[in-house]
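J.: Provided below: entry_36.cif, containing mmCIF, C-alpha atoms.
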data_model
loop_
_atom_site.group_PDB
_atom_site.id
_atom_site.type_symbol
_atom_site.label_atom_id
_atom_site.label_comp_id
_atom_site.auth_asym_id
_atom_site.auth_seq_id
_atom_site.Cartn_x
_atom_site.Cartn_y
_atom_site.Cartn_z
ATOM 1 C CA MET D 163 11.066 42.418 24.317
ATOM 2 C CA SER D 164 7.785 42.483 22.417
ATOM 3 C CA GLU D 165 6.756 40.056 19.729
ATOM 4 C CA LEU D 166 7.832 40.933 16.178
ATOM 5 C CA ILE D 167 6.331 39.677 12.962
ATOM 6 C CA ILE D 168 9.201 38.361 10.856
ATOM 7 C CA TYR D 169 7.273 36.780 7.979
ATOM 8 C CA ASN D 170 3.876 37.269 6.353
ATOM 9 C CA GLN D 171 2.849 35.634 3.112
ATOM 10 C CA THR D 172 -0.474 34.924 1.391
ATOM 11 C CA PHE D 173 -0.451 32.432 -1.458
ATOM 12 C CA ALA D 174 -2.712 30.276 -3.623
ATOM 13 C CA SER D 175 -3.459 26.702 -2.531
ATOM 14 C CA ASP D 176 -0.603 25.051 -4.382
ATOM 15 C CA LEU D 177 1.782 22.556 -2.785
ATOM 16 C CA HIS D 178 4.681 23.743 -4.953
ATOM 17 C CA VAL D 179 4.209 27.329 -3.771
ATOM 18 C CA SER D 180 3.927 25.965 -0.246
ATOM 19 C CA ALA D 181 7.345 24.310 -0.697
ATOM 20 C CA ASP D 182 8.798 27.708 -1.699
ATOM 21 C CA VAL D 183 7.229 29.364 1.356
ATOM 22 C CA GLN D 184 8.685 26.659 3.595
ATOM 23 C CA LYS D 185 12.119 27.202 2.070
ATOM 24 C CA GLU D 186 11.877 30.958 2.687
ATOM 25 C CA LEU D 187 10.911 30.415 6.316
ATOM 26 C CA GLN D 188 13.653 27.838 6.818
ATOM 27 C CA GLU D 189 16.221 30.301 5.495
ATOM 28 C CA LEU D 190 14.805 33.007 7.730
ATOM 29 C CA TRP D 191 15.029 30.758 10.804
ATOM 30 C CA GLN D 192 18.577 29.766 9.913
ATOM 31 C CA ALA D 193 19.495 33.437 9.468
ATOM 32 C CA GLN D 194 18.103 34.048 12.983
ATOM 33 C CA GLY D 195 20.429 31.300 14.251
ATOM 34 C CA MET D 196 17.819 28.656 15.079
ATOM 35 C CA SER D 197 19.533 25.532 16.403
ATOM 36 C CA GLU D 198 19.868 22.413 14.261
ATOM 37 C CA MET D 199 17.897 20.627 16.963
ATOM 38 C CA ASP D 200 14.818 22.846 16.649
ATOM 39 C CA LEU D 201 14.890 23.448 12.897
ATOM 40 C CA PRO D 202 13.615 19.990 11.799
ATOM 41 C CA ASP D 203 10.776 20.151 14.356
ATOM 42 C CA MET D 204 9.688 23.553 13.054
ATOM 43 C CA GLN D 205 9.924 22.347 9.459
ATOM 44 C CA LEU D 206 7.815 19.301 10.248
ATOM 45 C CA ALA D 207 5.070 21.326 11.968
ATOM 46 C CA LEU D 208 5.080 23.894 9.150
ATOM 47 C CA GLU D 209 4.781 21.177 6.490
ATOM 48 C CA GLU D 210 1.923 19.492 8.354
ATOM 49 C CA GLY D 211 0.106 22.779 9.012
ATOM 50 C CA LEU D 212 0.389 24.035 5.436
ATOM 51 C CA ALA D 213 -0.486 20.645 3.927
ATOM 52 C CA ASN D 214 -3.633 20.495 6.078
ATOM 53 C CA ALA D 215 -4.611 24.069 5.136
ATOM 54 C CA ILE D 216 -4.182 23.406 1.407
ATOM 55 C CA LYS D 217 -5.512 19.846 1.165
ATOM 56 C CA HIS D 218 -8.190 19.673 3.856
ATOM 57 C CA GLY D 219 -8.970 23.354 4.495
ATOM 58 C CA ASN D 220 -9.014 24.809 0.984
ATOM 59 C CA LYS D 221 -9.564 21.399 -0.704
ATOM 60 C CA MET D 222 -6.746 22.211 -3.169
ATOM 61 C CA ASP D 223 -8.857 25.038 -4.648
ATOM 62 C CA PRO D 224 -6.290 27.389 -6.251
ATOM 63 C CA GLY D 225 -8.819 30.234 -5.921
ATOM 64 C CA LYS D 226 -8.553 29.976 -2.143
ATOM 65 C CA LYS D 227 -5.600 31.463 -0.319
ATOM 66 C CA VAL D 228 -3.469 30.436 2.611
ATOM 67 C CA THR D 229 -1.849 33.023 4.844
ATOM 68 C CA VAL D 230 1.145 32.195 6.996
ATOM 69 C CA GLU D 231 2.632 34.531 9.572
ATOM 70 C CA CYS D 232 5.679 33.983 11.739
ATOM 71 C CA PHE D 233 6.249 35.911 14.955
ATOM 72 C CA LEU D 234 9.351 35.956 17.107
ATOM 73 C CA ASN D 235 9.555 37.002 20.741
ATOM 74 C CA GLU D 236 13.102 36.420 21.991
ATOM 75 C CA ASP D 237 13.310 32.623 21.703
ATOM 76 C CA ILE D 238 9.622 31.876 21.142
ATOM 77 C CA ILE D 239 8.410 31.228 17.609
ATOM 78 C CA ARG D 240 4.706 31.517 16.874
ATOM 79 C CA ILE D 241 3.268 30.490 13.504
ATOM 80 C CA VAL D 242 -0.278 31.312 12.396
ATOM 81 C CA ILE D 243 -1.719 29.560 9.333
ATOM 82 C CA GLN D 244 -5.094 30.703 8.039
ATOM 83 C CA ASP D 245 -7.045 29.008 5.256
ATOM 84 C CA GLU D 246 -10.342 29.899 3.550
ATOM 85 C CA GLY D 247 -12.064 26.599 4.181
ATOM 86 C CA LYS D 248 -15.093 25.820 6.313
ATOM 87 C CA GLY D 249 -12.923 24.713 9.194
ATOM 88 C CA PHE D 250 -13.180 21.563 11.284
ATOM 89 C CA ASP D 251 -13.381 20.400 14.853
ATOM 90 C CA PRO D 252 -10.006 18.925 15.848
ATOM 91 C CA GLU D 253 -11.884 16.798 18.387
ATOM 92 C CA ASP D 254 -13.615 15.019 15.478
ATOM 93 C CA VAL D 255 -10.322 13.785 14.002
ATOM 94 C CA PRO D 256 -10.177 10.031 14.677
ATOM 95 C CA ASP D 257 -7.400 8.948 17.009
ATOM 96 C CA PRO D 258 -4.797 7.481 14.609
ATOM 97 C CA THR D 259 -3.302 5.391 17.413
ATOM 98 C CA LEU D 260 -6.456 3.300 17.937
ATOM 99 C CA PRO D 261 -5.964 -0.265 16.668
ATOM 100 C CA GLU D 262 -8.629 0.157 13.958
ATOM 101 C CA ASN D 263 -6.871 3.260 12.595
ATOM 102 C CA LEU D 264 -3.249 2.159 12.836
ATOM 103 C CA ASP D 265 -2.976 1.004 9.237
ATOM 104 C CA LYS D 266 -4.742 4.029 7.746
ATOM 105 C CA PRO D 267 -2.325 6.024 5.595
ATOM 106 C CA SER D 268 -3.508 9.477 6.726
ATOM 107 C CA GLY D 269 -4.721 11.419 9.778
ATOM 108 C CA ARG D 270 -1.499 11.873 11.764
ATOM 109 C CA GLY D 271 -0.593 15.488 10.968
ATOM 110 C CA VAL D 272 -2.189 17.163 13.994
ATOM 111 C CA MET D 273 -0.767 14.502 16.304
ATOM 112 C CA LEU D 274 2.765 15.106 14.982
ATOM 113 C CA MET D 275 2.432 18.866 15.385
ATOM 114 C CA LYS D 276 1.315 18.392 18.990
ATOM 115 C CA ALA D 277 4.243 16.049 19.627
ATOM 116 C CA PHE D 278 6.894 18.454 18.384
ATOM 117 C CA MET D 279 5.454 21.883 19.313
ATOM 118 C CA ASP D 280 4.917 23.343 22.782
ATOM 119 C CA ASP D 281 1.395 24.422 21.919
ATOM 120 C CA VAL D 282 -1.031 23.825 19.025
ATOM 121 C CA ILE D 283 -4.254 25.853 18.955
ATOM 122 C CA TYR D 284 -7.133 26.071 16.478
ATOM 123 C CA ASN D 285 -9.617 28.937 16.336
ATOM 124 C CA ASP D 286 -13.292 28.208 17.026
ATOM 125 C CA ILE D 287 -14.214 27.202 13.479
ATOM 126 C CA GLY D 288 -10.937 25.418 12.826
ATOM 127 C CA ASN D 289 -9.598 27.298 9.810
ATOM 128 C CA GLN D 290 -6.816 29.063 11.677
ATOM 129 C CA LEU D 291 -3.978 27.136 13.256
ATOM 130 C CA THR D 292 -1.429 28.552 15.676
ATOM 131 C CA PHE D 293 1.594 26.643 16.879
ATOM 132 C CA ILE D 294 4.246 27.803 19.281
ATOM 133 C CA LYS D 295 7.694 26.552 20.191
ATOM 134 C CA ARG D 296 10.460 27.852 22.415
ATOM 135 C CA CYS D 297 13.616 27.384 20.364
ATOM 136 C CA THR D 298 17.326 27.765 20.954
ATOM 137 C CA PHE D 299 19.046 30.457 18.899
ATOM 138 C CA ASP D 300 22.742 30.968 18.364
ATOM 139 C CA ARG D 301 22.936 34.747 18.094
ATOM 140 C CA MET H 1135 12.112 16.578 -9.353
ATOM 141 C CA ALA H 1136 12.457 13.866 -11.993
ATOM 142 C CA SER H 1137 10.959 10.529 -11.005
ATOM 143 C CA ASP H 1138 13.857 8.591 -12.546
ATOM 144 C CA VAL H 1139 16.332 10.025 -10.033
ATOM 145 C CA THR H 1140 16.720 7.249 -7.522
ATOM 146 C CA ARG H 1141 15.971 8.165 -3.922
ATOM 147 C CA PHE H 1142 17.619 5.004 -2.522
ATOM 148 C CA ASN H 1143 20.957 3.251 -2.457
ATOM 149 C CA ILE H 1144 20.240 -0.406 -2.975
ATOM 150 C CA GLN H 1145 22.354 -3.354 -1.871
ATOM 151 C CA THR H 1146 21.580 -7.005 -1.293
ATOM 152 C CA ILE H 1147 22.913 -8.955 1.663
ATOM 153 C CA ASP H 1148 22.081 -12.651 2.134
ATOM 154 C CA GLY H 1149 19.033 -12.351 -0.117
ATOM 155 C CA VAL H 1150 17.694 -9.301 1.730
ATOM 156 C CA THR H 1151 17.451 -5.993 -0.129
ATOM 157 C CA ILE H 1152 18.629 -2.999 1.863
ATOM 158 C CA ALA H 1153 17.114 0.212 0.479
ATOM 159 C CA LYS H 1154 18.853 3.168 2.062
ATOM 160 C CA PHE H 1155 17.121 6.539 1.841
ATOM 161 C CA ILE H 1156 19.284 9.294 0.378
ATOM 162 C CA ASP H 1157 17.111 12.248 1.427
ATOM 163 C CA ASN H 1158 17.650 13.512 4.945
ATOM 164 C CA ARG H 1159 14.255 15.234 5.154
ATOM 165 C CA ILE H 1160 11.266 13.489 3.641
ATOM 166 C CA LEU H 1161 8.825 16.323 4.144
ATOM 167 C CA ASP H 1162 7.685 17.909 0.904
ATOM 168 C CA GLU H 1163 4.982 16.429 -1.260
ATOM 169 C CA ALA H 1164 7.088 16.080 -4.438
ATOM 170 C CA THR H 1165 9.837 14.111 -2.673
ATOM 171 C CA ILE H 1166 7.310 11.917 -0.897
ATOM 172 C CA GLN H 1167 5.466 11.137 -4.128
ATOM 173 C CA VAL H 1168 8.669 10.024 -5.883
ATOM 174 C CA ILE H 1169 9.884 8.008 -2.899
ATOM 175 C CA GLY H 1170 6.511 6.274 -2.644
ATOM 176 C CA GLU H 1171 6.507 5.289 -6.311
ATOM 177 C CA GLN H 1172 10.096 4.023 -6.181
ATOM 178 C CA MET H 1173 9.432 2.096 -2.996
ATOM 179 C CA TYR H 1174 6.328 0.402 -4.424
ATOM 180 C CA ARG H 1175 8.313 -0.576 -7.538
ATOM 181 C CA LEU H 1176 10.650 -2.648 -5.376
ATOM 182 C CA VAL H 1177 7.703 -4.953 -4.700
ATOM 183 C CA ASP H 1178 5.580 -4.564 -7.827
ATOM 184 C CA ASP H 1179 8.182 -4.403 -10.604
ATOM 185 C CA HIS H 1180 11.289 -5.961 -9.103
ATOM 186 C CA GLY H 1181 9.399 -8.644 -7.206
ATOM 187 C CA LEU H 1182 11.439 -8.184 -4.037
ATOM 188 C CA ARG H 1183 10.008 -9.949 -0.990
ATOM 189 C CA LYS H 1184 12.582 -9.221 1.705
ATOM 190 C CA VAL H 1185 13.250 -5.516 2.060
ATOM 191 C CA VAL H 1186 14.812 -3.448 4.836
ATOM 192 C CA LEU H 1187 14.408 0.327 4.624
ATOM 193 C CA ASP H 1188 17.506 1.993 6.053
ATOM 194 C CA PHE H 1189 16.734 5.388 7.620
ATOM 195 C CA GLU H 1190 20.259 6.259 8.759
ATOM 196 C CA ALA H 1191 20.338 9.439 6.656
ATOM 197 C CA VAL H 1192 16.804 10.556 7.480
ATOM 198 C CA GLU H 1193 16.337 13.316 10.045
ATOM 199 C CA HIS H 1194 12.633 13.901 9.678
ATOM 200 C CA LEU H 1195 9.599 12.726 7.764
ATOM 201 C CA SER H 1196 6.037 13.979 7.595
ATOM 202 C CA SER H 1197 2.699 12.269 8.126
ATOM 203 C CA ALA H 1198 2.323 11.997 4.335
ATOM 204 C CA ALA H 1199 5.553 9.987 4.233
ATOM 205 C CA LEU H 1200 4.191 7.737 7.004
ATOM 206 C CA GLY H 1201 1.208 7.108 4.730
ATOM 207 C CA LYS H 1202 3.504 5.877 1.951
ATOM 208 C CA LEU H 1203 5.319 3.577 4.373
ATOM 209 C CA ILE H 1204 2.004 2.119 5.555
ATOM 210 C CA ASN H 1205 0.956 1.469 1.958
ATOM 211 C CA MET H 1206 4.340 -0.155 1.296
ATOM 212 C CA LYS H 1207 3.828 -2.443 4.294
ATOM 213 C CA LYS H 1208 0.360 -3.410 3.036
ATOM 214 C CA LYS H 1209 1.793 -4.140 -0.402
ATOM 215 C CA MET H 1210 4.526 -6.317 1.044
ATOM 216 C CA ASP H 1211 2.098 -8.156 3.324
ATOM 217 C CA ALA H 1212 -0.230 -8.812 0.379
ATOM 218 C CA ALA H 1213 2.715 -10.192 -1.615
ATOM 219 C CA GLY H 1214 3.655 -12.465 1.281
ATOM 220 C CA GLY H 1215 6.963 -10.693 1.854
ATOM 221 C CA GLN H 1216 8.743 -9.112 4.792
ATOM 222 C CA LEU H 1217 9.427 -5.431 5.355
ATOM 223 C CA GLY H 1218 11.761 -4.109 8.024
ATOM 224 C CA MET H 1219 13.163 -0.738 8.984
ATOM 225 C CA CYS H 1220 16.482 0.024 10.570
ATOM 226 C CA SER H 1221 18.828 2.716 11.867
ATOM 227 C CA LEU H 1222 16.209 5.274 12.882
ATOM 228 C CA ARG H 1223 17.575 8.337 14.653
ATOM 229 C CA PRO H 1224 15.984 9.128 18.032
ATOM 230 C CA GLU H 1225 13.950 12.030 16.603
ATOM 231 C CA LEU H 1226 12.605 9.756 13.874
ATOM 232 C CA LEU H 1227 11.852 6.956 16.296
ATOM 233 C CA LYS H 1228 9.850 9.501 18.294
ATOM 234 C CA ILE H 1229 7.545 9.971 15.275
ATOM 235 C CA PHE H 1230 6.896 6.222 15.120
ATOM 236 C CA LYS H 1231 6.415 5.969 18.878
ATOM 237 C CA VAL H 1232 4.047 8.954 19.096
ATOM 238 C CA THR H 1233 1.890 7.538 16.301
ATOM 239 C CA LYS H 1234 2.237 4.003 17.711
ATOM 240 C CA LEU H 1235 3.440 2.813 14.320
ATOM 241 C CA THR H 1236 6.069 0.837 16.203
ATOM 242 C CA LYS H 1237 3.221 -1.710 16.470
ATOM 243 C CA VAL H 1238 2.837 -1.844 12.691
ATOM 244 C CA PHE H 1239 6.458 -1.948 11.538
ATOM 245 C CA ASN H 1240 9.362 -4.208 12.435
ATOM 246 C CA ILE H 1241 11.986 -1.693 13.513
ATOM 247 C CA TYR H 1242 15.602 -2.743 14.138
ATOM 248 C CA ALA H 1243 18.494 -0.787 15.619
ATOM 249 C CA SER H 1244 20.915 -1.659 12.801
ATOM 250 C CA ILE H 1245 21.212 -3.454 9.456
ATOM 251 C CA GLU H 1246 22.890 -6.368 11.209
ATOM 252 C CA LYS H 1247 20.013 -6.752 13.657
ATOM 253 C CA ALA H 1248 17.498 -6.450 10.823
ATOM 254 C CA LEU H 1249 19.227 -9.216 8.859
ATOM 255 C CA LYS H 1250 19.083 -11.488 11.916
ATOM 256 C CA GLY H 1251 15.333 -10.817 12.119
ATOM 257 C CA PHE H 1252 14.712 -12.024 8.561
#
Can you dump the structure from the file as structure tokens?
T.:
Amino acid sequence: MSELIIYNQTFASDLHVSADVQKELQELWQAQGMSEMDLPDMQLALEEGLANAIKHGNKMDPGKKVTVECFLNEDIIRIVIQDEGKGFDPEDVPDPTLPENLDKPSGRGVMLMKAFMDDVIYNDIGNQLTFIKRCTFDR
Amino acid sequence: MASDVTRFNIQTIDGVTIAKFIDNRILDEATIQVIGEQMYRLVDDHGLRKVVLDFEAVEHLSSAALGKLINMKKKMDAAGGQLGMCSLRPELLKIFKVTKLTKVFNIYASIEKALKGF
């Protein structure tokens, strides 16, 4: 079976719109029969990815757009989130688990995505995020 | 989401305030903002100094929610109080373990164990 695109949305950098997009994707995943075990992990990664794109990528500029695509290939979900920011080097993100960073209130989003997804990839300039997870579906 | 809608069930046992989260997913920005404000009020406005946050209902929370919890801990430390957490589901505990925040927070398996730790 080849990979199918099941969702494609471009929207302004607004966290409320992002919440609507997340709800649409959640409903889509539930309609596909995604297991209750995988659903929260996917929701978490989606929230972190979109929040980073809007806050850090597009700097909350409503004139800049975020595009999110969801692909499905049998039981593998692939999400691509593109922002219009300058990008970043994921290697430059300070390790939030170092003692000096432990009490900082931010900087854990990428780490959480990596913990709950099978693969997390950024493009060369860092304004396009892809994450992949093999999920269980009740079809 | 109105900020006056309480996001916790509150009870007091032996002088310790147990604040139980109502939301099962603390992921979106609006929910996190309200929860943060209500949590901080426990220390700032109500003057509580012994608080246990009960996560029994919570399935997932985002990094932004972790940020609010860290700020709550700082607030409580500055006020000379104690903050504990209890009843974290395995998937939630994984978030704290991955981020090594188990070193920052006092995490207990149950309310009873948390009360013994205070």
J.: Quick one: everything within 10 Å of Gln1167 (chain H), counting all atoms listed in the file, minus sequence neighbours fewer than 6 positions away in the same chain. Send it as a PDB file with C-alpha atoms, in the coordinates of the input.
T.:
ATOM      1  CA  SER H1137      10.959  10.529 -11.005  1.00  0.00           C
ATOM      2  CA  ILE H1160      11.266  13.489   3.641  1.00  0.00           C
ATOM      3  CA  MET H1173       9.432   2.096  -2.996  1.00  0.00           C
ATOM      4  CA  ALA H1198       2.323  11.997   4.335  1.00  0.00           C
ATOM      5  CA  ALA H1199       5.553   9.987   4.233  1.00  0.00           C
ATOM      6  CA  LYS H1202       3.504   5.877   1.951  1.00  0.00           C
TER       7      LYS H1202
END
J.: Restrict the distance test to only C-alpha atoms, flag each residue of chain H within 6 Å of chain D, and return the flagged residues as a compact mmCIF listing (two decimals) with C-alpha atoms, in the frame of the given file.
T.:
# COMPACT_ATOMS: atom_id res chain seq x y z
CA SER H 1197 2.70 12.27 8.13
CA GLY H 1201 1.21 7.11 4.73
CA ILE H 1204 2.00 2.12 5.56
CA THR H 1233 1.89 7.54 16.30
CA LYS H 1234 2.24 4.00 17.71
J.: The PyMOL selection byres ((chain D and resi 192) around 12) - which residues does that actually catch in the file I just gave you? List them as a VMD selection string.
T.: chain D and resid 185 to 191 193 to 202 204 to 205 297 to 301
J.: So which residues touch region 164-166 of chain D within 12 Å, counting only C-alpha atoms, skipping near sequence neighbours fewer than 5 positions away, as a PyMOL selection string?
T.: chain D and resi 231-241
J.: Between CA of Asp1157 (chain H) and CA of Ile216 (chain D), what is the distance, to one decimal in Å?
T.: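 Going from CA of Asp1157 (chain H) over to CA of Ile216 (chain D), I get 24.0 Å.
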J.: Report, in Å to a single decimal, how far apart CA of Tyr284 (chain D) and CA of Tyr169 (chain D) are.
T.: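 A separation of 19.9 Å between them.
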